[in-house]
Amino acid sequence: MFNSDLGFKGTLDDLAISNGNVILLEYKTAKGIYDEAKEQAVAYSKLLIHHNTKYLIDFHGIFKVNEIWVIRFGKENPDYESVQIKESEIEELFESFNHKLAILKIRKKREIVWKLKQKEAANGNGKDQV
């Protein structure tokens, strides 16, 4: 899924429908369920229902995600745990996701500029040597 209005793209792990409820499932293999996994799941739920999102398959009939779950499977042990994201957590988690996304975009832009300056310096076109 991609949405230029929201400024990010992603691939959700699973979507289920139970008794008419849309349930988004995010799977992780880790030692625990961390905020980053919750933020990612919430971001995917926002992406899924946004009117300008582009899909590889048709999800346009979905207007609301009723439940968001993060399910962790053990890497080395056959254990698991699951956490349902509460409605009261969604906006704060999405805000946190957006702040981290903004930082990532700044870092990526700086990296591109740095690489261009390196290339110019290597070609002898840059005024400042890096």
# chains A, B, ... in the order shown; residues from 1 in each chain; ligands from 1
$ residues_around --residues "Glu92 in chain A" --least-positions-apart "3" --cutoff "12 Å" --atoms "only C-alpha atoms" --output "PyMOL selection string"
chain A and resi 35+38-39+42-43+85-89+95-99
$ select_by_dssp --residues "chain A" --states "strand (DSSP E)" --output "PyMOL selection string"
chain A and resi 2-3+8-9+14-18+21-29+67-73+80-84
$ closest_residue --among "A:Gly10, A:Gly32, A:Asn21, A:Met1" --to "Lys75 in chain A" --atoms "only C-alpha atoms"
A:Gly32
$ select_by_dssp --residues "chain A" --states "helix (DSSP H, G or I)" --output "number ranges by chain"
A: 35-49, 87-123
$ atom_distance --atom1 "CA of Asn3 in chain A" --atom2 "CA of Asn19 in chain A"
28.6 Å
$ atom_distance --atom1 "CA of Ala30 in chain A" --atom2 "CA of Trp69 in chain A"
15.2 Å
$ closest_residue --among "A:Arg72, A:His51, A:Arg110, A:Lys9" --to "Ala37 in chain A" --atoms "only C-alpha atoms"
A:Arg72
